[in-house]
Every structure is written in structure tokens, then in C-alpha cells.
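This report concerns only the one structure given below.
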Amino acid sequence: MTKLTHLDGEGNARMVDVGHKQSTTREAVAEGFIQLTEAAYQAVSAGDVPKGDVLRIAQIAGIQAAKKTSDLIPLCHPLQLTGIKVMLSLEKENRIRAWARVRCLGPTGVEMEALTAVSGALLCVYDMLKAIDKGMAIGPVVLVEKTGGKSGDWHRA
């Protein structure tokens, strides 16, 4: 079994020390979806949501979420992010797709930041549309690819 890195020898939680690792360029891409009713989808499409422009506000929420990842995930390292891009789009079958690319130059990866960006954006969509559609469903939210670091590149098949 692989050694659990977030536990010390006595079973206590710890944030892994990455101080000895070389800083490299790292990037991660994640995506996720939220399923809407026809009424909610049409309201977003027509720009007729009382709270405002759903896709633009959710885009900003996703960027903010990436920046706050270490505040939300207890053992996640705070990173100096060098780039965050979040995009949302209306998709077929009453879905919205959120996509995020996060970059840093550091000793550890940005997968959690990309996943948090997508999750934050989708939660914002839910918040803005909950008066129209309480039955929205978020998911899946997945890592699409990551580059850099000791483990190298990874791409979802």
C-alpha cells in the first residue's frame, strides 16, 4: 500500500512539506456540468434572470474560487497562481458547461484549484437560478488534464 502523505507517523493530519521540491510550471484543466430545466435554460439563454448575467457572474465566481482553494480544502497548499481562465457555455440538452485552466510556477500542482474553480462556478449558477429551478444537478466535475511536476503530464482518456 502507498504511504499516506497527509498523515504523519502517528496518524495526525499534516500538510505535506514541499519546500524541497523544485518550482516548475504547472497547469491543470477541469470541467463540469449543471443540468437545468428547460425554463431555467431559456432564462439564461435569453438573459432574463433577475439576478443578472449568470454566465459572467459564475465566471468571476470560478476565478475567485480558484484563488481561495487552500482556504476551502484543509491540506491544500496556498499557491501563487499565475493564470486562471474560467469559461461557461450553454450546451445541448439544457446543460451549462464550466471549464477552467489554472497555472502556477511552484512546487506542487494546481489540480485542486482547477476543480475548485469549476465547482465554484457551477455553485454560482445554482445560486443564481434556484428561484427558477431547485432541481438542478451538478456533475460530473472532472480533471481533464494536468501538466508539469515530477509525475509528468496526464490527460483524461
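We label chains A, B, ... in the order they appear in the C-alpha cells, count residues from 1 in each chain, and number ligands from 1 in the order shown.
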Would you mind listing what lies within 10 Å of Lys134 (chain A) as a PDB file with N, CA, C and O atoms, in the first residue's frame, with only C-alpha atoms counted and same-chain residues fewer than 4 positions away left out?
ATOM      1  N   LEU A  36     -30.133  21.743 -16.151  1.00  0.00           N
ATOM      2  CA  LEU A  36     -31.200  22.683 -15.834  1.00  0.00           C
ATOM      3  C   LEU A  36     -32.531  22.202 -16.402  1.00  0.00           C
ATOM      4  O   LEU A  36     -32.561  21.386 -17.328  1.00  0.00           O
ATOM      5  N   THR A  37     -33.609  22.779 -15.890  1.00  0.00           N
ATOM      6  CA  THR A  37     -34.899  22.591 -16.548  1.00  0.00           C
ATOM      7  C   THR A  37     -34.904  23.458 -17.809  1.00  0.00           C
ATOM      8  O   THR A  37     -34.086  24.380 -17.958  1.00  0.00           O
ATOM      9  N   ALA A  40     -35.275  27.201 -16.855  1.00  0.00           N
ATOM     10  CA  ALA A  40     -34.037  27.832 -16.375  1.00  0.00           C
ATOM     11  C   ALA A  40     -33.065  28.048 -17.526  1.00  0.00           C
ATOM     12  O   ALA A  40     -32.430  29.109 -17.636  1.00  0.00           O
ATOM     13  N   TYR A 126     -26.081  27.639  -9.767  1.00  0.00           N
ATOM     14  CA  TYR A 126     -27.184  27.133  -8.956  1.00  0.00           C
ATOM     15  C   TYR A 126     -27.795  28.254  -8.128  1.00  0.00           C
ATOM     16  O   TYR A 126     -29.018  28.436  -8.092  1.00  0.00           O
ATOM     17  N   ASP A 127     -26.954  29.029  -7.466  1.00  0.00           N
ATOM     18  CA  ASP A 127     -27.437  30.120  -6.609  1.00  0.00           C
ATOM     19  C   ASP A 127     -28.259  31.128  -7.412  1.00  0.00           C
ATOM     20  O   ASP A 127     -29.305  31.583  -6.964  1.00  0.00           O
ATOM     21  N   LEU A 129     -29.947  30.648 -10.132  1.00  0.00           N
ATOM     22  CA  LEU A 129     -31.135  30.093 -10.775  1.00  0.00           C
ATOM     23  C   LEU A 129     -32.067  29.337  -9.831  1.00  0.00           C
ATOM     24  O   LEU A 129     -33.107  28.838 -10.268  1.00  0.00           O
ATOM     25  N   LYS A 130     -31.734  29.252  -8.563  1.00  0.00           N
ATOM     26  CA  LYS A 130     -32.518  28.414  -7.664  1.00  0.00           C
ATOM     27  C   LYS A 130     -33.973  28.864  -7.515  1.00  0.00           C
ATOM     28  O   LYS A 130     -34.842  28.049  -7.219  1.00  0.00           O
TER      29      LYS A 130
END
Mind checking DSSP for chain A and telling me the strand (DSSP E) residues as a count of residues only? 48
I'd like the contact shell of Met112 (chain A) - 9 Å cut-off, only C-alpha atoms, skipping same-chain residues fewer than 2 positions apart - returned as a list of chain:residue names.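 Within the cut-off, the hits are A:Ala28, A:Ala66, A:Thr69, A:Ser70, A:Ile73, A:Cys76, A:Gly109, A:Val110, A:Ala114, A:Leu115, A:Thr116, A:Ala117, A:Leu143.
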Requested write-out: N, CA and C atoms of the selected residues, as a CSV table (one decimal), in the first residue's frame:
chain,number,residue,atom,x,y,z
A,28,ALA,N,-3.4,22.9,-14.9
A,28,ALA,CA,-4.5,21.9,-14.8
A,28,ALA,C,-5.7,22.4,-15.5
A,66,ALA,N,-10.9,29.5,-7.4
A,66,ALA,CA,-9.6,29.0,-7.6
A,66,ALA,C,-8.6,29.7,-6.6
A,69,THR,N,-8.8,28.3,-2.9
A,69,THR,CA,-8.8,26.8,-2.8
A,69,THR,C,-8.2,26.4,-1.4
A,70,SER,N,-7.1,26.9,-1.1
A,70,SER,CA,-6.4,26.5,0.2
A,70,SER,C,-7.2,26.9,1.4
A,73,ILE,N,-10.0,23.7,1.2
A,73,ILE,CA,-9.5,22.4,1.3
A,73,ILE,C,-8.4,22.3,2.3
A,76,CYS,N,-4.6,21.6,1.5
A,76,CYS,CA,-4.1,22.1,0.2
A,76,CYS,C,-3.2,23.3,0.4
A,109,GLY,N,1.2,20.9,-7.7
A,109,GLY,CA,0.2,21.1,-8.8
A,109,GLY,C,-1.0,22.0,-8.5
A,110,VAL,N,-1.7,22.3,-9.5
A,110,VAL,CA,-2.9,23.1,-9.4
A,110,VAL,C,-4.2,22.4,-9.8
A,114,ALA,N,-8.1,24.1,-10.2
A,114,ALA,CA,-8.9,23.9,-11.4
A,114,ALA,C,-10.3,23.3,-11.0
A,115,LEU,N,-10.3,22.3,-10.2
A,115,LEU,CA,-11.5,21.6,-9.8
A,115,LEU,C,-12.4,22.5,-9.0
A,116,THR,N,-11.8,23.3,-8.1
A,116,THR,CA,-12.5,24.2,-7.3
A,116,THR,C,-13.1,25.4,-8.1
A,117,ALA,N,-12.3,25.8,-9.1
A,117,ALA,CA,-12.8,26.9,-10.0
A,117,ALA,C,-14.1,26.4,-10.6
A,143,LEU,N,-11.2,16.3,-13.6
A,143,LEU,CA,-9.9,16.8,-14.1
A,143,LEU,C,-9.8,16.3,-15.5
Set the distance at 12 Å and use only C-alpha atoms: which residues neighbour Gln35 (chain A) once local chain neighbours fewer than 6 positions away are removed? I'd like the list as number ranges by chain. A: 41, 90-98, 122-123, 125-126, 129, 133-140
Would you mind exporting the chosen residues as a compact mmCIF listing (two decimals), in the first residue's frame, restricted to N, CA, C and O atoms?
# COMPACT_ATOMS: atom_id res chain seq x y z
N TYR A 41 -32.94 27.06 -18.38
CA TYR A 41 -32.04 27.16 -19.53
C TYR A 41 -32.46 28.33 -20.43
O TYR A 41 -31.62 29.12 -20.87
N LEU A 90 -23.47 27.52 -22.78
CA LEU A 90 -24.73 26.79 -22.88
C LEU A 90 -24.50 25.61 -23.80
O LEU A 90 -23.95 25.76 -24.90
N GLU A 91 -24.91 24.42 -23.36
CA GLU A 91 -24.72 23.20 -24.13
C GLU A 91 -26.08 22.62 -24.50
O GLU A 91 -27.12 23.06 -23.99
N LYS A 92 -26.09 21.62 -25.34
CA LYS A 92 -27.32 20.94 -25.71
C LYS A 92 -27.94 20.26 -24.49
O LYS A 92 -27.26 20.02 -23.50
N GLU A 93 -29.21 19.94 -24.60
CA GLU A 93 -29.94 19.20 -23.57
C GLU A 93 -30.00 19.93 -22.24
O GLU A 93 -29.91 19.33 -21.17
N ASN A 94 -30.13 21.26 -22.30
CA ASN A 94 -30.35 22.09 -21.11
C ASN A 94 -29.22 21.99 -20.08
O ASN A 94 -29.47 21.95 -18.87
N ARG A 95 -27.99 21.97 -20.57
CA ARG A 95 -26.84 21.92 -19.66
C ARG A 95 -25.98 23.16 -19.85
O ARG A 95 -25.91 23.74 -20.93
N ILE A 96 -25.28 23.51 -18.77
CA ILE A 96 -24.23 24.52 -18.83
C ILE A 96 -22.93 23.81 -18.51
O ILE A 96 -22.85 23.02 -17.56
N ARG A 97 -21.91 24.10 -19.31
CA ARG A 97 -20.57 23.55 -19.09
C ARG A 97 -19.69 24.64 -18.51
O ARG A 97 -19.68 25.77 -18.98
N ALA A 98 -18.96 24.29 -17.45
CA ALA A 98 -17.94 25.18 -16.88
C ALA A 98 -16.59 24.53 -17.13
O ALA A 98 -16.43 23.31 -16.99
N LEU A 122 -20.09 26.49 -10.96
CA LEU A 122 -21.36 25.77 -11.05
C LEU A 122 -22.26 26.04 -9.85
O LEU A 122 -23.48 26.15 -9.99
N LEU A 123 -21.67 26.17 -8.67
CA LEU A 123 -22.47 26.53 -7.50
C LEU A 123 -23.06 27.92 -7.64
O LEU A 123 -24.19 28.18 -7.21
N VAL A 125 -23.94 29.28 -10.51
CA VAL A 125 -25.07 29.10 -11.42
C VAL A 125 -26.28 28.63 -10.64
O VAL A 125 -27.39 29.17 -10.78
N TYR A 126 -26.08 27.64 -9.77
CA TYR A 126 -27.18 27.13 -8.96
C TYR A 126 -27.79 28.25 -8.13
O TYR A 126 -29.02 28.44 -8.09
N LEU A 129 -29.95 30.65 -10.13
CA LEU A 129 -31.14 30.09 -10.77
C LEU A 129 -32.07 29.34 -9.83
O LEU A 129 -33.11 28.84 -10.27
N ASP A 133 -35.35 27.04 -10.64
CA ASP A 133 -35.15 25.59 -10.74
C ASP A 133 -34.39 25.07 -9.53
O ASP A 133 -33.18 25.18 -9.47
N LYS A 134 -35.11 24.51 -8.58
CA LYS A 134 -34.44 23.95 -7.40
C LYS A 134 -33.90 22.54 -7.64
O LYS A 134 -33.15 22.02 -6.85
N GLY A 135 -34.26 21.94 -8.76
CA GLY A 135 -33.86 20.57 -9.05
C GLY A 135 -32.62 20.44 -9.91
O GLY A 135 -32.34 19.36 -10.44
N MET A 136 -31.85 21.51 -10.06
CA MET A 136 -30.63 21.42 -10.87
C MET A 136 -29.70 20.36 -10.31
O MET A 136 -29.68 20.14 -9.09
N ALA A 137 -28.92 19.74 -11.19
CA ALA A 137 -27.97 18.71 -10.77
C ALA A 137 -26.59 19.06 -11.30
O ALA A 137 -26.41 19.30 -12.49
N ILE A 138 -25.62 19.10 -10.40
CA ILE A 138 -24.23 19.41 -10.75
C ILE A 138 -23.48 18.10 -10.92
O ILE A 138 -23.55 17.21 -10.08
N GLY A 139 -22.70 18.00 -12.01
CA GLY A 139 -21.82 16.88 -12.18
C GLY A 139 -21.88 16.28 -13.57
O GLY A 139 -22.84 16.54 -14.31
N PRO A 140 -20.92 15.51 -13.92
CA PRO A 140 -19.70 15.30 -13.15
C PRO A 140 -18.76 16.52 -13.25
O PRO A 140 -18.84 17.29 -14.19
CA of Val118 (chain A) and CA of Glu145 (chain A), how far apart in Å? 13.7 Å
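Using only C-alpha atoms, the residues found no farther than 7 Å from Val141 (chain A), other than those of its own chain fewer than 5 positions away, are A:Glu31, A:Gly32, A:Phe33.
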Using only C-alpha atoms: which of A:Gly148, A:Trp154, A:Gly106, A:Glu10 has the shortest distance to Gln22 (chain A):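 For Gln22 (chain A), the nearest of the candidates is A:Gly106.
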Using only C-alpha atoms, determine which residues lie at most 12 Å from Pro74 (chain A), disregarding the query and same-chain residues fewer than 3 positions distant; provide the list as a list in words. His6, Ala13, Arg14, Met15, Val16, Lys68, Thr69, Ser70, Asp71, His77, Pro78 and Met112 of chain A
Which residue of A:Ile84, A:Leu79, A:Thr24, A:Gly19 approaches Gly149 (chain A) most closely, using only C-alpha atoms: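 Of A:Ile84, A:Leu79, A:Thr24, A:Gly19, the one nearest Gly149 (chain A), counting only C-alpha atoms, is A:Thr24.
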Would you please work out which residue, of A:Ile63, A:Ile57, A:Val18, A:Ile34, is nearest to Thr82 (chain A) when using only C-alpha atoms? A:Ile63
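The interatomic distance for the pair CA of Cys124 (chain A) and CA of Ala100 (chain A) works out to 14.4 Å.
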Do you know which residues are at most 6 Å from Thr147 (chain A) counting only C-alpha atoms, after dropping those on the same chain fewer than 4 positions away, and could you put them as a list in words? Arg26, Glu27 and Asp153 of chain A
Residues as selected, C-alpha atoms, written as a PDB file, in the first residue's frame, can you do that?
ATOM      1  CA  ARG A  26       2.225  23.577 -13.664  1.00  0.00           C
ATOM      2  CA  GLU A  27      -1.159  23.670 -15.317  1.00  0.00           C
ATOM      3  CA  ASP A 153       1.626  15.067 -17.853  1.00  0.00           C
TER       4      ASP A 153
END
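Shortest separation to Thr5 (chain A) among A:Leu75, A:Ala30, A:Met128, A:Leu55 occurs at residue A:Leu75, atoms counted being only C-alpha atoms.
Comparing the minimum interatomic distances between Trp99 (chain A) and each of A:Val44, A:Ala157, A:Gly11, A:Val29, counting only C-alpha atoms, we find that A:Val29 sits nearest.
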From the list A:Val49, A:Cys104, A:Ala58, A:Leu72, which residue is nearest Val86 (chain A) when using only C-alpha atoms?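 Between A:Val49, A:Cys104, A:Ala58, A:Leu72, the residue approaching Val86 (chain A) most closely is A:Ala58.
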Those of region 25-135 of chain A in DSSP helix (DSSP H, G or I), formatted as a ChimeraX atom specification: /A:38-46,54-67,69-72,111-129
Kindly give the distance, in Å, that separates CA of Asp48 (chain A) and CA of Ala121 (chain A), rounded to a single decimal.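 About the pair CA of Asp48 (chain A) and CA of Ala121 (chain A): they are 18.9 Å apart.
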